[in-house]
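Just below is one structure, and these are the notes that go with it.
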Amino acid sequence: MNFHIRPDQAIKEVTHYAHKLGSGLHTLRDTGEVTVGATPKELVYREHKLRLYRFVPPAERGPVLHVPLLIVYALVNRPYMTDLQEDRSLVRNLLKAGVDVYLIDWGYPDRADRYLTLDDYINGFIDRCVDAVCREHGEKQVDILGICQGGTFSLCYAALHRQKVRNLITMVTPVDFQSPKDMLSHWARRLDVDAAVDAFGNIPGDLLNWTFLMLKPYRLMGQKYVDLVEQLDDVKHVQNFLRMEKWIFDSPDQAGEAFREFMKNFYQENRLMRGGLEIGGREVSLRAVTMPVLNIYATEDHLVPREASMALRHHVGTSDYTEVAFPGGHIGIYVSSKAQRLVPSAIHDWLARRDVAESPPRPRGPSTAPVRESRPSKT
Amino acid sequence: METEERGSDDAARRFTAWPHYFAALFGIPAPDAGDTGTWLDAVAKVAVPPGSSGFLEYVIALSRPYFSMAERLADAGREDPQTDVQRWLDNMAHAYSAAAQSANVQMHWQTQQAFAFWEYAFANLQQSVAALLPRHDAPPPAASGTTSPGMAPFPMLPGIGYLREMQEEYQKLARLTIEYVGALQAYNAGVAGVGLRAIERLRAKAAAEPQEIAVDSLRKLYDTWVDACEEAYAIYAMSDEGAARYADLIKAAAALRRQATAVTERILEWLNVPTRREVDTLAQRLHETRREMHALRAEIERMKQHSNSAPEQRANSTH
């Protein structure tokens with residue numbers, strides 16, 4: 001390697017950097033409020049803090065698939081990442097292609113939710129949302145798109161309620177929680193989870209954010225912002241950056257008991273892969289996932305290494321298993337321009353090939369059904 | 001040749017003058033020589049819209065390693081670019097050895113922030129305790145930095161008399177505070193060591209990789225340095241030592257938090273105020289009731305479906 005930095009070149013760079021910082025002052029004045037969520041949606045079901053939304057499809061779109069798609073997002077971070085802004089929206093692109101899209105928003109658990117368990121989330125919340133979507137569409141089954149930890153939940157759900165899941169899509173989903181390059185797993189295995197949950201109750205989102213930043217600290221706490229300065233004179237770029245920052249640091253606290261179960265059963269004992277996983281007193285086996293499965297992973301994922309996702313192929317029970325490798329990282333798979341082109345079409349095309357109606361087709365206009373609740377109160 | 005040398009001298013003069021140039025650009029006072037830290041703070045305080053000032057401060061704070069790199073390069077001399085970078089590497093290594101790590105300071109700050117959420121509560125607790133109760137012993141040390149040397153014997157003293165139990169609770173709190181501060185320092189020390197190893201990696205890379213790979217700009221140097229840091233950090237983070245220090249820090253913070261809660265609850269009970277433990281008991285009962293209710297609803301739904309199904313289906317299902 002040959003170092004050859006001339007002083008005048010370095011001065012030019014530093015001066016250029018200063019100019020960009022200077023324009024940043026003006027750009028920030030013009031940036032305005034950063035909003036998230038681009039596609040109109042309607043509430044179809046709610047239960048405590050959980051909300052189930054149906055996205056309103058555009059007037060013009062491709063031939064509509066019979067079976068609706070339910071997106072199950074992770075408990076970590078917020079699901080609006082799937083519909084961040086108009087030109088970066090997995091949801092919008094799926095709607096355009098002809099998929100009816102529902103999404104579970106878990107809300108922000110507080111300390112009253114500390115005793116929610118994985119059984120509550122998987123056999124409770126997800127199951128009741130699936131029932132709600134089935135009622136809306138007059139179908140007996142839904143397609144599920146599980147993302148990240150939501151993908152792991154979806155696998156568990158599909159194994160336990162396979163009669164309700166027509167097709168399953170997992171996206172950047174960990175299956176092998178102890179793959180060799182998994183830094184998060186390396187740390188998690190040493191963690192005294194009981195001590196943390198007993199002390200904190202719910203696990204603070206700030207603590208998780210810090211942990212995620214410490215996976216690549218020099219990039220995420222330094223280089224990323226030096227890169228930003230290069231673009232500080234571009235209002236649109238700054239708005240996009242701020243939107244991403246909002247999402248990255250918008251981390252709900254984690255319900256304590258669910259966190260305890262997740263860390264122990266999945267990260268520390270790797271039971272989804274090794275066996276012995278029980279949720280709500282029932283054994284969860286990936287062999288019971290017999291419906292068609294599309295597994296999308298990111299080749300440069302530092303949170304869920306591709307090996308962690310690809311492990312699914314060796315354990316899943318279905319013979320109709322497809323993998324798609326997305327050339328990018330854990331976040332790029334939602335928001336990069338490459339992702340907008342590749343991911344929604346991959347999902348739609350795969351679903352379309354497997355879309356068979358069970359019930360007679362019904363009109364697909366916006367839902368007029370009243371919001372269903374699990375109980376009279378609206379909290 | 002002469003022109004090139006004059007250009008280089010001129011550039012060298014401008015190198016030391018760039019903070020003054022920035023000062024003029026941003027309309028703030030020029031910094032003293034070598035005092036870009038103060039200058040960056042001043043830039044961060046330039047008026048921007050509410051909500052954006054914090055963001056700008058953050059960007060500037062996180063740009064410090066980049067500026068620091070330019071400064072150190074300028075300090076290294078201006079004789080020969082290759083030599084300058086080697087000197088820069090020496091400077092950086094020296095800086096890391098002296099624990100003046102520009103990038104790691106930021107990481108330490110983040111770590112501190114990550115645990116600050118309960119430290120505030122902890123400080124409030126100390127004040128509340130001091131105001132509420134007559135105390136025969138010293139308060140526990142603050143959890144935010146270094147331990148007071150005078151505090152060390154306090155946790156070891158035997159408890160005596162009427163307030164013995166309470167004294168033991170505070171002693172435990174003090175002990176756990178010291179352990180937490182120790183774990184935090186150990187964690188930060190572990191991360192700080194990465195900087196030095198990154199410089200060594202960069203040197204090794206420079207020697208091993210072909211001369212055709214040119215690092216001919218400050219930005220390339222910065223990116224190469226970040227790559228080296230991440231590589232060195234990944235090795236540390238994936239080591240048993242790295243994982244153990246992370247786990248120890250979380251465990252120490254959790255133990256301290258738990259004891260602080262226990263001490264607080266004692267006061268709340270004394271004041272007849274509901275405690276976290278009592279609220280948790282209620283929440284647990286409520287969750288159990290909800291689960292039972294959902295199970296009953298599901299059962300009713302199944303019975304309804306069963307009774308609505310065709311008689312022959314019912315007959316079949318009973319066989």
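Lettering and numbering for the structure tokens are positional, with chains as A, B, ... in the shown order, residues counted from 1 in each chain, and ligands counted from 1 in the shown order.
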
Using only C-alpha atoms, I'd like every residue of chain A that has an atom within 6 Å of chain B; please write them out as a count of residues only.
23

Neighbours of region 157-168 of chain A within 8 Å (only C-alpha atoms; same-chain residues fewer than 5 positions away dropped), as a list in words?
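Surrounding residues, per the criterion: Ile122, Asn123, Ile126, Asp127, Val130, Lys140, Gln141, Val142, Asp143, Ile144, Leu145, Gly146, Arg282, Val284, Ser285, Leu286, Arg287, Ala288, Val289, Thr290, Met291, Pro292, Val293, Leu294, Leu351 and Arg354 of chain A.
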
Those selected residues, please, written with C-alpha atoms and delivered as a tab-separated table (two decimals), in the first residue's frame.
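Listed below is the output, result.tsv:
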chain	number	residue	atom	x	y	z
A	122	ILE	CA	-47.25	-16.06	18.87
A	123	ASN	CA	-50.29	-18.10	19.91
A	126	ILE	CA	-50.41	-13.27	15.86
A	127	ASP	CA	-53.13	-15.91	15.88
A	130	VAL	CA	-54.54	-14.02	11.40
A	140	LYS	CA	-59.30	-19.72	5.88
A	141	GLN	CA	-55.64	-19.03	5.38
A	142	VAL	CA	-53.25	-16.13	4.97
A	143	ASP	CA	-49.82	-15.68	3.51
A	144	ILE	CA	-47.30	-14.46	6.07
A	145	LEU	CA	-44.22	-12.31	5.57
A	146	GLY	CA	-42.09	-12.45	8.71
A	282	ARG	CA	-46.47	-27.12	22.61
A	284	VAL	CA	-42.23	-26.21	17.91
A	285	SER	CA	-40.56	-28.18	15.14
A	286	LEU	CA	-39.43	-26.69	11.85
A	287	ARG	CA	-40.35	-30.03	10.29
A	288	ALA	CA	-43.96	-29.00	10.84
A	289	VAL	CA	-43.47	-26.05	8.47
A	290	THR	CA	-44.85	-27.88	5.47
A	291	MET	CA	-46.32	-25.00	3.46
A	292	PRO	CA	-44.28	-23.38	0.65
A	293	VAL	CA	-41.45	-21.24	2.05
A	294	LEU	CA	-39.57	-18.35	0.45
A	351	LEU	CA	-46.76	-15.77	-4.29
A	354	ARG	CA	-48.87	-20.34	-5.59

To test your reading of the structure, identify every residue in region 103-243 of chain A that backbone DSSP assigns to helix (DSSP H, G or I), and report it as an NGL selection string.
:A and (111-113 or 118-137 or 149-160 or 162-164 or 183-188 or 193-200 or 205-213 or 217-230 or 235-243)

Tell me which protein, DNA and RNA residues are within 7 Å of region 74-90 of chain A, counting only C-alpha atoms, leaving out same-chain ones fewer than 5 positions away, and put them as a VMD selection string.
chain A and resid 36 to 39 105 to 106 147 to 150 247 to 248 250 to 252 334 to 335 340 344

Determine the nearest neighbour of Pro305 (chain A) from the options A:Val238, A:Met273, A:Val172, A:Val356, counting only C-alpha atoms.
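Of the candidates, the smallest distance to Pro305 (chain A) is held by A:Val172.
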
May I ask which of the residues A:Thr27, A:Asn93, A:Asn295, A:Thr318 is the closest one to Leu342 (chain A), counting only C-alpha atoms?
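Smallest separation from Leu342 (chain A) among the options: A:Asn93.
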
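From CA of Ser185 (chain A) back to CA of Ala308 (chain A), the distance works out to 10.2 Å.
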
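Between CA of Ala189 (chain B) and CA of Glu245 (chain A) the separation is 28.4 Å.
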
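Of note, CA of Tyr102 (chain A) and CA of Glu278 (chain A) are spaced 27.4 Å apart.
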
Show which residues sit within 10 Å of region 228-234 of chain A, as number ranges by chain. Count only C-alpha atoms, and ignore same-chain residues fewer than 3 positions away.
A: 16-28, 31, 223-225, 237-239, 241; B: 59-60, 63

Take the selection from the previous step and output its residues with N, CA, C and O atoms, as a short mmCIF file (atom, residue, chain, number, x, y, z; two decimals), in the first residue's frame.
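Now in again.cif:
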data_model
loop_
_atom_site.label_atom_id
_atom_site.label_comp_id
_atom_site.auth_asym_id
_atom_site.auth_seq_id
_atom_site.Cartn_x
_atom_site.Cartn_y
_atom_site.Cartn_z
N HIS A 16 -13.13 21.47 1.59
CA HIS A 16 -14.37 20.96 0.99
C HIS A 16 -15.32 20.46 2.09
O HIS A 16 -16.52 20.76 2.08
N TYR A 17 -14.75 19.76 3.05
CA TYR A 17 -15.54 19.23 4.17
C TYR A 17 -16.20 20.38 4.93
O TYR A 17 -17.36 20.34 5.30
N ALA A 18 -15.39 21.43 5.14
CA ALA A 18 -15.91 22.59 5.87
C ALA A 18 -17.04 23.26 5.11
O ALA A 18 -18.05 23.66 5.69
N HIS A 19 -16.87 23.36 3.79
CA HIS A 19 -17.93 23.95 2.96
C HIS A 19 -19.22 23.17 3.12
O HIS A 19 -20.30 23.73 3.25
N LYS A 20 -19.07 21.85 3.09
CA LYS A 20 -20.26 20.99 3.18
C LYS A 20 -20.91 21.16 4.55
O LYS A 20 -22.14 21.22 4.65
N LEU A 21 -20.10 21.23 5.58
CA LEU A 21 -20.66 21.45 6.92
C LEU A 21 -21.39 22.78 6.96
O LEU A 21 -22.47 22.89 7.54
N GLY A 22 -20.78 23.77 6.32
CA GLY A 22 -21.39 25.10 6.29
C GLY A 22 -22.73 25.06 5.58
O GLY A 22 -23.72 25.62 6.07
N SER A 23 -22.80 24.35 4.45
CA SER A 23 -24.09 24.28 3.75
C SER A 23 -25.09 23.48 4.57
O SER A 23 -26.30 23.68 4.44
N GLY A 24 -24.57 22.61 5.41
CA GLY A 24 -25.46 21.82 6.27
C GLY A 24 -26.31 22.70 7.16
O GLY A 24 -27.47 22.40 7.44
N LEU A 25 -25.74 23.82 7.59
CA LEU A 25 -26.51 24.74 8.44
C LEU A 25 -27.75 25.21 7.70
O LEU A 25 -28.84 25.28 8.26
N HIS A 26 -27.57 25.54 6.42
CA HIS A 26 -28.71 26.01 5.63
C HIS A 26 -29.67 24.86 5.34
O HIS A 26 -30.88 25.01 5.43
N THR A 27 -29.10 23.71 4.99
CA THR A 27 -29.95 22.56 4.66
C THR A 27 -30.85 22.22 5.84
O THR A 27 -32.04 21.97 5.68
N LEU A 28 -30.27 22.22 7.03
CA LEU A 28 -31.05 21.83 8.20
C LEU A 28 -32.18 22.83 8.45
O LEU A 28 -33.24 22.46 8.96
N THR A 31 -34.91 21.67 6.05
CA THR A 31 -35.29 20.26 6.03
C THR A 31 -36.75 20.05 6.44
O THR A 31 -37.45 19.24 5.87
N GLN A 223 -17.90 6.92 10.70
CA GLN A 223 -17.83 7.00 9.24
C GLN A 223 -19.17 7.38 8.60
O GLN A 223 -19.22 8.14 7.64
N LYS A 224 -20.23 6.85 9.17
CA LYS A 224 -21.56 7.13 8.63
C LYS A 224 -21.83 8.64 8.59
O LYS A 224 -22.43 9.15 7.65
N TYR A 225 -21.37 9.34 9.62
CA TYR A 225 -21.64 10.77 9.71
C TYR A 225 -20.66 11.59 8.86
O TYR A 225 -21.01 12.66 8.37
N HIS A 237 -31.52 14.27 0.49
CA HIS A 237 -30.64 13.27 1.09
C HIS A 237 -30.66 13.38 2.61
O HIS A 237 -30.72 12.37 3.32
N VAL A 238 -30.62 14.61 3.10
CA VAL A 238 -30.63 14.82 4.56
C VAL A 238 -31.94 14.32 5.15
O VAL A 238 -31.96 13.68 6.21
N GLN A 239 -33.04 14.60 4.46
CA GLN A 239 -34.34 14.11 4.95
C GLN A 239 -34.34 12.58 5.01
O GLN A 239 -34.81 12.00 5.99
N PHE A 241 -31.80 10.66 5.31
CA PHE A 241 -30.88 10.26 6.38
C PHE A 241 -31.58 10.39 7.75
O PHE A 241 -31.51 9.48 8.58
N VAL B 59 -23.34 15.39 14.53
CA VAL B 59 -22.53 15.16 13.32
C VAL B 59 -21.13 15.71 13.53
O VAL B 59 -20.13 15.07 13.17
N ILE B 60 -21.06 16.90 14.13
CA ILE B 60 -19.74 17.51 14.35
C ILE B 60 -18.93 16.67 15.33
O ILE B 60 -17.74 16.41 15.12
N SER B 63 -17.57 13.81 13.68
CA SER B 63 -16.57 14.12 12.65
C SER B 63 -15.20 14.36 13.28
O SER B 63 -14.22 14.53 12.57
#
